[in-house]
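Shown next: structure-v8.cif, containing mmCIF, all heavy atoms.
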data_final
loop_
_atom_site.label_atom_id
_atom_site.label_comp_id
_atom_site.auth_asym_id
_atom_site.auth_seq_id
_atom_site.Cartn_x
_atom_site.Cartn_y
_atom_site.Cartn_z
N MET A 1 20.49 4.85 23.97
CA MET A 1 21.44 5.53 23.12
C MET A 1 20.83 6.86 22.70
O MET A 1 19.69 6.90 22.24
CB MET A 1 21.76 4.67 21.90
CG MET A 1 23.10 4.97 21.30
SD MET A 1 23.72 3.66 20.24
CE MET A 1 22.38 3.44 19.11
N GLU A 2 21.57 7.94 22.85
CA GLU A 2 21.02 9.26 22.57
C GLU A 2 22.02 10.04 21.73
O GLU A 2 23.21 10.08 22.03
CB GLU A 2 20.75 9.99 23.89
CG GLU A 2 20.13 11.34 23.72
CD GLU A 2 19.84 12.00 25.07
OE1 GLU A 2 20.09 11.38 26.11
OE2 GLU A 2 19.38 13.14 25.06
N PHE A 3 21.51 10.64 20.66
CA PHE A 3 22.33 11.50 19.82
C PHE A 3 21.82 12.92 19.96
O PHE A 3 20.66 13.20 19.66
CB PHE A 3 22.25 11.07 18.34
CG PHE A 3 22.81 9.70 18.09
CD1 PHE A 3 21.97 8.61 17.92
CD2 PHE A 3 24.18 9.50 18.02
CE1 PHE A 3 22.48 7.34 17.69
CE2 PHE A 3 24.71 8.24 17.79
CZ PHE A 3 23.86 7.16 17.62
N LYS A 4 22.69 13.83 20.41
CA LYS A 4 22.27 15.22 20.59
C LYS A 4 22.78 16.07 19.44
O LYS A 4 23.95 15.99 19.05
CB LYS A 4 22.81 15.77 21.92
CG LYS A 4 22.17 15.12 23.12
CD LYS A 4 22.63 15.77 24.41
CE LYS A 4 21.92 15.12 25.59
NZ LYS A 4 22.32 15.73 26.87
N PHE A 5 21.87 16.85 18.89
CA PHE A 5 22.21 17.77 17.80
C PHE A 5 21.68 19.15 18.17
O PHE A 5 20.57 19.52 17.81
CB PHE A 5 21.58 17.32 16.48
CG PHE A 5 21.99 15.93 16.06
CD1 PHE A 5 21.16 14.84 16.28
CD2 PHE A 5 23.22 15.71 15.45
CE1 PHE A 5 21.54 13.57 15.90
CE2 PHE A 5 23.60 14.43 15.06
CZ PHE A 5 22.77 13.37 15.28
N GLY A 6 22.48 19.91 18.90
CA GLY A 6 22.05 21.25 19.27
C GLY A 6 20.85 21.23 20.19
O GLY A 6 20.93 20.78 21.33
N ASP A 7 19.69 21.70 19.69
CA ASP A 7 18.50 21.84 20.52
C ASP A 7 17.66 20.57 20.59
O ASP A 7 16.73 20.49 21.37
CB ASP A 7 17.62 22.98 20.00
CG ASP A 7 18.31 24.33 20.15
OD1 ASP A 7 19.20 24.43 21.02
OD2 ASP A 7 17.96 25.25 19.41
N TYR A 8 17.95 19.59 19.75
CA TYR A 8 17.13 18.37 19.77
C TYR A 8 18.00 17.13 19.86
O TYR A 8 19.20 17.18 19.62
CB TYR A 8 16.21 18.32 18.54
CG TYR A 8 16.93 18.25 17.22
CD1 TYR A 8 17.19 17.03 16.62
CD2 TYR A 8 17.35 19.41 16.58
CE1 TYR A 8 17.86 16.96 15.41
CE2 TYR A 8 18.01 19.35 15.36
CZ TYR A 8 18.26 18.13 14.79
OH TYR A 8 18.92 18.06 13.60
N ALA A 9 17.37 16.03 20.22
CA ALA A 9 18.10 14.77 20.40
C ALA A 9 17.30 13.63 19.80
O ALA A 9 16.08 13.67 19.76
CB ALA A 9 18.38 14.51 21.87
N ILE A 10 18.00 12.61 19.31
CA ILE A 10 17.38 11.41 18.79
C ILE A 10 17.60 10.30 19.81
O ILE A 10 18.74 9.99 20.16
CB ILE A 10 17.98 11.01 17.42
CG1 ILE A 10 17.72 12.11 16.40
CG2 ILE A 10 17.40 9.68 16.95
CD1 ILE A 10 18.40 11.85 15.07
N MET A 11 16.49 9.73 20.29
CA MET A 11 16.58 8.66 21.28
C MET A 11 16.41 7.31 20.58
O MET A 11 15.45 7.10 19.86
CB MET A 11 15.48 8.82 22.34
CG MET A 11 15.61 10.09 23.16
SD MET A 11 17.04 10.08 24.23
CE MET A 11 16.61 8.77 25.36
N LEU A 12 17.36 6.42 20.78
CA LEU A 12 17.31 5.07 20.21
C LEU A 12 17.39 4.05 21.34
O LEU A 12 17.97 4.33 22.38
CB LEU A 12 18.46 4.86 19.24
CG LEU A 12 18.41 5.65 17.93
CD1 LEU A 12 19.69 5.43 17.15
CD2 LEU A 12 17.21 5.29 17.11
N PRO A 13 16.83 2.86 21.11
CA PRO A 13 16.98 1.81 22.12
C PRO A 13 18.45 1.39 22.25
O PRO A 13 19.29 1.84 21.45
CB PRO A 13 16.12 0.67 21.57
CG PRO A 13 15.92 0.96 20.14
CD PRO A 13 16.04 2.45 19.98
N PRO A 14 18.79 0.56 23.21
CA PRO A 14 20.18 0.11 23.37
C PRO A 14 20.76 -0.47 22.07
O PRO A 14 20.02 -0.92 21.20
CB PRO A 14 20.09 -0.97 24.43
CG PRO A 14 18.89 -0.60 25.22
CD PRO A 14 17.93 0.06 24.27
N LEU A 15 22.06 -0.43 21.95
CA LEU A 15 22.74 -0.76 20.69
C LEU A 15 22.41 -2.16 20.19
O LEU A 15 22.17 -2.34 19.00
CB LEU A 15 24.25 -0.61 20.90
CG LEU A 15 25.11 -0.77 19.64
CD1 LEU A 15 24.73 0.27 18.60
CD2 LEU A 15 26.58 -0.67 19.98
N HIS A 16 22.39 -3.16 21.06
CA HIS A 16 22.15 -4.53 20.60
C HIS A 16 20.73 -4.68 20.04
O HIS A 16 20.53 -5.40 19.07
CB HIS A 16 22.41 -5.54 21.72
CG HIS A 16 21.52 -5.40 22.90
ND1 HIS A 16 21.71 -4.43 23.86
CD2 HIS A 16 20.42 -6.10 23.27
CE1 HIS A 16 20.77 -4.56 24.78
NE2 HIS A 16 19.97 -5.56 24.45
N ILE A 17 19.76 -3.98 20.61
CA ILE A 17 18.39 -4.03 20.09
C ILE A 17 18.33 -3.37 18.71
O ILE A 17 17.67 -3.87 17.80
CB ILE A 17 17.42 -3.35 21.08
CG1 ILE A 17 17.40 -4.13 22.40
CG2 ILE A 17 16.01 -3.27 20.47
CD1 ILE A 17 16.57 -3.49 23.48
N THR A 18 19.02 -2.24 18.56
CA THR A 18 19.05 -1.54 17.27
C THR A 18 19.68 -2.41 16.19
O THR A 18 19.16 -2.50 15.08
CB THR A 18 19.85 -0.23 17.42
OG1 THR A 18 19.31 0.54 18.50
CG2 THR A 18 19.78 0.59 16.15
N ILE A 19 20.78 -3.07 16.50
CA ILE A 19 21.46 -3.93 15.53
C ILE A 19 20.57 -5.10 15.12
O ILE A 19 20.46 -5.44 13.94
CB ILE A 19 22.81 -4.43 16.10
CG1 ILE A 19 23.76 -3.24 16.23
CG2 ILE A 19 23.41 -5.52 15.22
CD1 ILE A 19 25.05 -3.58 16.95
N ILE A 20 19.90 -5.72 16.09
CA ILE A 20 19.00 -6.84 15.78
C ILE A 20 17.86 -6.37 14.88
O ILE A 20 17.50 -7.06 13.92
CB ILE A 20 18.46 -7.47 17.09
CG1 ILE A 20 19.60 -8.19 17.83
CG2 ILE A 20 17.33 -8.44 16.81
CD1 ILE A 20 19.25 -8.62 19.24
N ALA A 21 17.30 -5.20 15.17
CA ALA A 21 16.20 -4.68 14.35
C ALA A 21 16.66 -4.41 12.92
O ALA A 21 15.95 -4.71 11.96
CB ALA A 21 15.65 -3.39 14.98
N ILE A 22 17.86 -3.85 12.76
CA ILE A 22 18.40 -3.57 11.42
C ILE A 22 18.59 -4.88 10.65
O ILE A 22 18.27 -4.97 9.46
CB ILE A 22 19.71 -2.78 11.52
CG1 ILE A 22 19.42 -1.36 12.02
CG2 ILE A 22 20.44 -2.74 10.19
CD1 ILE A 22 20.66 -0.56 12.36
N ILE A 23 19.11 -5.91 11.31
CA ILE A 23 19.33 -7.20 10.65
C ILE A 23 17.99 -7.82 10.23
O ILE A 23 17.86 -8.32 9.11
CB ILE A 23 20.10 -8.15 11.59
CG1 ILE A 23 21.54 -7.65 11.75
CG2 ILE A 23 20.10 -9.58 11.05
CD1 ILE A 23 22.32 -8.37 12.82
N ILE A 24 16.99 -7.76 11.10
CA ILE A 24 15.67 -8.32 10.76
C ILE A 24 15.07 -7.60 9.57
O ILE A 24 14.57 -8.23 8.63
CB ILE A 24 14.74 -8.25 11.99
CG1 ILE A 24 15.21 -9.24 13.06
CG2 ILE A 24 13.30 -8.55 11.59
CD1 ILE A 24 14.48 -9.11 14.38
N ILE A 25 15.11 -6.27 9.57
CA ILE A 25 14.56 -5.49 8.45
C ILE A 25 15.32 -5.80 7.17
O ILE A 25 14.72 -5.95 6.10
CB ILE A 25 14.58 -3.98 8.79
CG1 ILE A 25 13.57 -3.70 9.91
CG2 ILE A 25 14.27 -3.15 7.55
CD1 ILE A 25 13.63 -2.30 10.45
N PHE A 26 16.66 -5.93 7.26
CA PHE A 26 17.46 -6.24 6.09
C PHE A 26 17.04 -7.57 5.46
O PHE A 26 16.84 -7.67 4.25
CB PHE A 26 18.95 -6.29 6.48
CG PHE A 26 19.84 -6.82 5.39
CD1 PHE A 26 20.17 -6.03 4.31
CD2 PHE A 26 20.33 -8.12 5.46
CE1 PHE A 26 21.00 -6.53 3.31
CE2 PHE A 26 21.15 -8.62 4.47
CZ PHE A 26 21.48 -7.81 3.39
N PHE A 27 16.86 -8.60 6.32
CA PHE A 27 16.46 -9.90 5.78
C PHE A 27 15.04 -9.88 5.23
O PHE A 27 14.75 -10.54 4.24
CB PHE A 27 16.61 -10.98 6.85
CG PHE A 27 18.02 -11.48 6.97
CD1 PHE A 27 18.77 -11.24 8.12
CD2 PHE A 27 18.61 -12.18 5.93
CE1 PHE A 27 20.07 -11.70 8.23
CE2 PHE A 27 19.92 -12.64 6.03
CZ PHE A 27 20.66 -12.39 7.18
N LEU A 28 14.13 -9.14 5.86
CA LEU A 28 12.76 -9.04 5.34
C LEU A 28 12.73 -8.35 3.98
O LEU A 28 12.01 -8.78 3.07
CB LEU A 28 11.87 -8.29 6.33
CG LEU A 28 11.43 -9.09 7.55
CD1 LEU A 28 10.70 -8.18 8.53
CD2 LEU A 28 10.53 -10.24 7.15
N VAL A 29 13.52 -7.30 3.82
CA VAL A 29 13.57 -6.60 2.53
C VAL A 29 14.18 -7.51 1.47
O VAL A 29 13.69 -7.59 0.35
CB VAL A 29 14.37 -5.29 2.67
CG1 VAL A 29 14.65 -4.67 1.30
CG2 VAL A 29 13.60 -4.29 3.52
N ARG A 30 15.24 -8.22 1.83
CA ARG A 30 15.88 -9.13 0.89
C ARG A 30 14.93 -10.26 0.47
O ARG A 30 14.84 -10.62 -0.70
CB ARG A 30 17.14 -9.71 1.55
CG ARG A 30 18.06 -10.41 0.61
CD ARG A 30 19.35 -10.75 1.31
NE ARG A 30 19.87 -11.99 0.77
CZ ARG A 30 20.76 -12.75 1.36
NH1 ARG A 30 21.22 -12.41 2.52
NH2 ARG A 30 21.18 -13.83 0.79
N TRP A 31 14.19 -10.79 1.46
CA TRP A 31 13.24 -11.85 1.21
C TRP A 31 12.10 -11.36 0.32
O TRP A 31 11.66 -12.05 -0.59
CB TRP A 31 12.71 -12.36 2.54
CG TRP A 31 11.58 -13.32 2.44
CD1 TRP A 31 11.64 -14.61 1.99
CD2 TRP A 31 10.21 -13.09 2.80
NE1 TRP A 31 10.38 -15.17 2.06
CE2 TRP A 31 9.50 -14.28 2.54
CE3 TRP A 31 9.54 -11.98 3.32
CZ2 TRP A 31 8.14 -14.38 2.79
CZ3 TRP A 31 8.19 -12.08 3.56
CH2 TRP A 31 7.50 -13.26 3.29
N SER A 32 11.64 -10.14 0.56
CA SER A 32 10.53 -9.61 -0.23
C SER A 32 10.93 -9.37 -1.68
O SER A 32 10.11 -9.49 -2.58
CB SER A 32 10.01 -8.31 0.39
OG SER A 32 10.94 -7.27 0.25
N LYS A 33 12.21 -9.05 -1.91
CA LYS A 33 12.67 -8.85 -3.28
C LYS A 33 12.78 -10.17 -4.03
O LYS A 33 12.69 -10.20 -5.26
CB LYS A 33 14.02 -8.14 -3.29
CG LYS A 33 13.93 -6.68 -2.92
CD LYS A 33 15.29 -6.02 -2.94
CE LYS A 33 15.18 -4.56 -2.54
NZ LYS A 33 16.49 -3.91 -2.46
N GLN A 34 12.97 -11.27 -3.31
CA GLN A 34 13.11 -12.57 -3.97
C GLN A 34 11.77 -13.19 -4.34
O GLN A 34 11.71 -14.10 -5.15
CB GLN A 34 13.88 -13.53 -3.04
CG GLN A 34 15.34 -13.14 -2.90
CD GLN A 34 16.06 -14.03 -1.91
OE1 GLN A 34 15.44 -14.87 -1.25
NE2 GLN A 34 17.36 -13.86 -1.78
N LEU A 35 10.70 -12.70 -3.73
CA LEU A 35 9.38 -13.26 -4.03
C LEU A 35 8.92 -12.81 -5.42
O LEU A 35 9.14 -11.68 -5.83
CB LEU A 35 8.36 -12.80 -2.99
CG LEU A 35 8.55 -13.36 -1.58
CD1 LEU A 35 7.57 -12.72 -0.63
CD2 LEU A 35 8.35 -14.87 -1.58
N GLU A 36 8.29 -13.72 -6.12
CA GLU A 36 7.85 -13.39 -7.47
C GLU A 36 6.51 -12.67 -7.46
O GLU A 36 6.28 -11.80 -8.30
CB GLU A 36 7.74 -14.67 -8.31
CG GLU A 36 9.09 -15.32 -8.57
CD GLU A 36 8.98 -16.57 -9.43
OE1 GLU A 36 7.87 -16.86 -9.90
OE2 GLU A 36 10.01 -17.23 -9.62
N THR A 37 5.64 -13.01 -6.53
CA THR A 37 4.34 -12.34 -6.47
C THR A 37 4.45 -11.12 -5.58
O THR A 37 4.92 -11.19 -4.45
CB THR A 37 3.26 -13.29 -5.92
OG1 THR A 37 3.70 -13.81 -4.68
CG2 THR A 37 2.99 -14.42 -6.90
N ARG A 38 4.01 -9.98 -6.09
CA ARG A 38 4.20 -8.72 -5.37
C ARG A 38 3.23 -8.56 -4.20
O ARG A 38 3.42 -7.69 -3.38
CB ARG A 38 4.00 -7.55 -6.33
CG ARG A 38 4.95 -7.57 -7.52
CD ARG A 38 6.41 -7.58 -7.10
NE ARG A 38 6.77 -6.34 -6.45
CZ ARG A 38 7.93 -6.12 -5.85
NH1 ARG A 38 8.84 -7.06 -5.83
NH2 ARG A 38 8.18 -4.96 -5.29
N ARG A 39 2.17 -9.39 -4.11
CA ARG A 39 1.21 -9.19 -3.03
C ARG A 39 1.76 -9.63 -1.69
O ARG A 39 1.23 -9.27 -0.64
CB ARG A 39 -0.09 -9.93 -3.32
CG ARG A 39 0.09 -11.39 -3.55
CD ARG A 39 -1.18 -12.04 -4.06
NE ARG A 39 -0.86 -13.38 -4.53
CZ ARG A 39 -1.70 -14.37 -4.56
NH1 ARG A 39 -2.92 -14.18 -4.19
NH2 ARG A 39 -1.34 -15.54 -4.99
N PHE A 40 2.86 -10.39 -1.66
CA PHE A 40 3.46 -10.81 -0.40
C PHE A 40 4.65 -9.94 0.01
O PHE A 40 5.34 -10.24 0.96
CB PHE A 40 3.93 -12.26 -0.49
CG PHE A 40 2.79 -13.24 -0.65
CD1 PHE A 40 2.68 -14.00 -1.80
CD2 PHE A 40 1.85 -13.39 0.34
CE1 PHE A 40 1.64 -14.90 -1.95
CE2 PHE A 40 0.80 -14.29 0.20
CZ PHE A 40 0.69 -15.03 -0.95
N THR A 41 4.88 -8.88 -0.74
CA THR A 41 6.03 -8.01 -0.44
C THR A 41 5.83 -7.33 0.92
O THR A 41 4.75 -6.85 1.22
CB THR A 41 6.20 -6.95 -1.54
OG1 THR A 41 6.31 -7.62 -2.78
CG2 THR A 41 7.45 -6.12 -1.32
N VAL A 42 6.90 -7.30 1.69
CA VAL A 42 6.83 -6.69 3.01
C VAL A 42 7.39 -5.28 2.93
O VAL A 42 8.52 -5.07 2.51
CB VAL A 42 7.64 -7.53 4.02
CG1 VAL A 42 7.61 -6.87 5.39
CG2 VAL A 42 7.13 -8.95 4.08
N PHE A 43 6.58 -4.32 3.34
CA PHE A 43 7.03 -2.93 3.35
C PHE A 43 7.01 -2.41 4.78
O PHE A 43 6.10 -2.71 5.55
CB PHE A 43 6.14 -2.05 2.49
CG PHE A 43 6.31 -2.27 1.01
CD1 PHE A 43 5.36 -2.95 0.29
CD2 PHE A 43 7.44 -1.80 0.37
CE1 PHE A 43 5.51 -3.16 -1.06
CE2 PHE A 43 7.61 -2.00 -0.98
CZ PHE A 43 6.64 -2.69 -1.71
N PHE A 44 7.98 -1.62 5.13
CA PHE A 44 8.00 -0.93 6.43
C PHE A 44 8.00 0.56 6.17
O PHE A 44 8.86 1.10 5.48
CB PHE A 44 9.26 -1.31 7.23
CG PHE A 44 9.18 -2.65 7.86
CD1 PHE A 44 9.67 -3.77 7.20
CD2 PHE A 44 8.59 -2.80 9.10
CE1 PHE A 44 9.58 -5.01 7.78
CE2 PHE A 44 8.50 -4.06 9.68
CZ PHE A 44 9.00 -5.16 9.03
N TYR A 45 7.02 1.22 6.73
CA TYR A 45 6.95 2.68 6.59
C TYR A 45 7.14 3.31 7.96
O TYR A 45 6.66 2.84 8.92
CB TYR A 45 5.59 3.11 6.04
CG TYR A 45 5.43 2.70 4.59
CD1 TYR A 45 4.58 1.66 4.25
CD2 TYR A 45 6.12 3.35 3.60
CE1 TYR A 45 4.43 1.30 2.93
CE2 TYR A 45 5.97 2.97 2.28
CZ TYR A 45 5.12 1.95 1.94
OH TYR A 45 4.99 1.60 0.65
#

Written as structure tokens, that's how I'd like the structure from this file.
Amino acid sequence: MEFKFGDYAIMLPPLHITIIAIIIIFFLVRWSKQLETRRFTVFFY
């Protein structure tokens, strides 16, 4: 999947892989917010 914006483009993996990755990150963030101890919080940078 490619998004072109003038002189540059953003390359993304196929749509189904992108959707799966977004769902996994969403659940990890939700799970990390439910944990009471902050040392197990999952961060993605």

Self-check item: Distance in Å - atom C of Ile20 of chain A versus atom CB of Asp7 of chain A
Solution: 29.8 Å

Exercise. Please evaluate the PyMOL selection byres (((chain A and resi 13 and name CA) around 6) and name CA) against the structure above and give the resulting residues as a PyMOL selection string.
Key: chain A and resi 1+12+14

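Between atom CE1 of Phe5 of chain A and atom N of Trp31 of chain A the interatomic distance comes to 29.3 Å.
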
Adding 3 Å on each side of the box along x, y and z that holds all listed atoms of segment 16-30 of chain A, could you give its centre and edge lengths in Å to one decimal, as JSON?
{"center_x": 17.8, "center_y": -6.6, "center_z": 12.0, "size_x": 20.5, "size_y": 20.4, "size_z": 31.5}

Quiz item: What gap, in Å, lies between atom N of Ile19 of chain A and atom N of Gly6 of chain A?
Solution: 23.2 Å
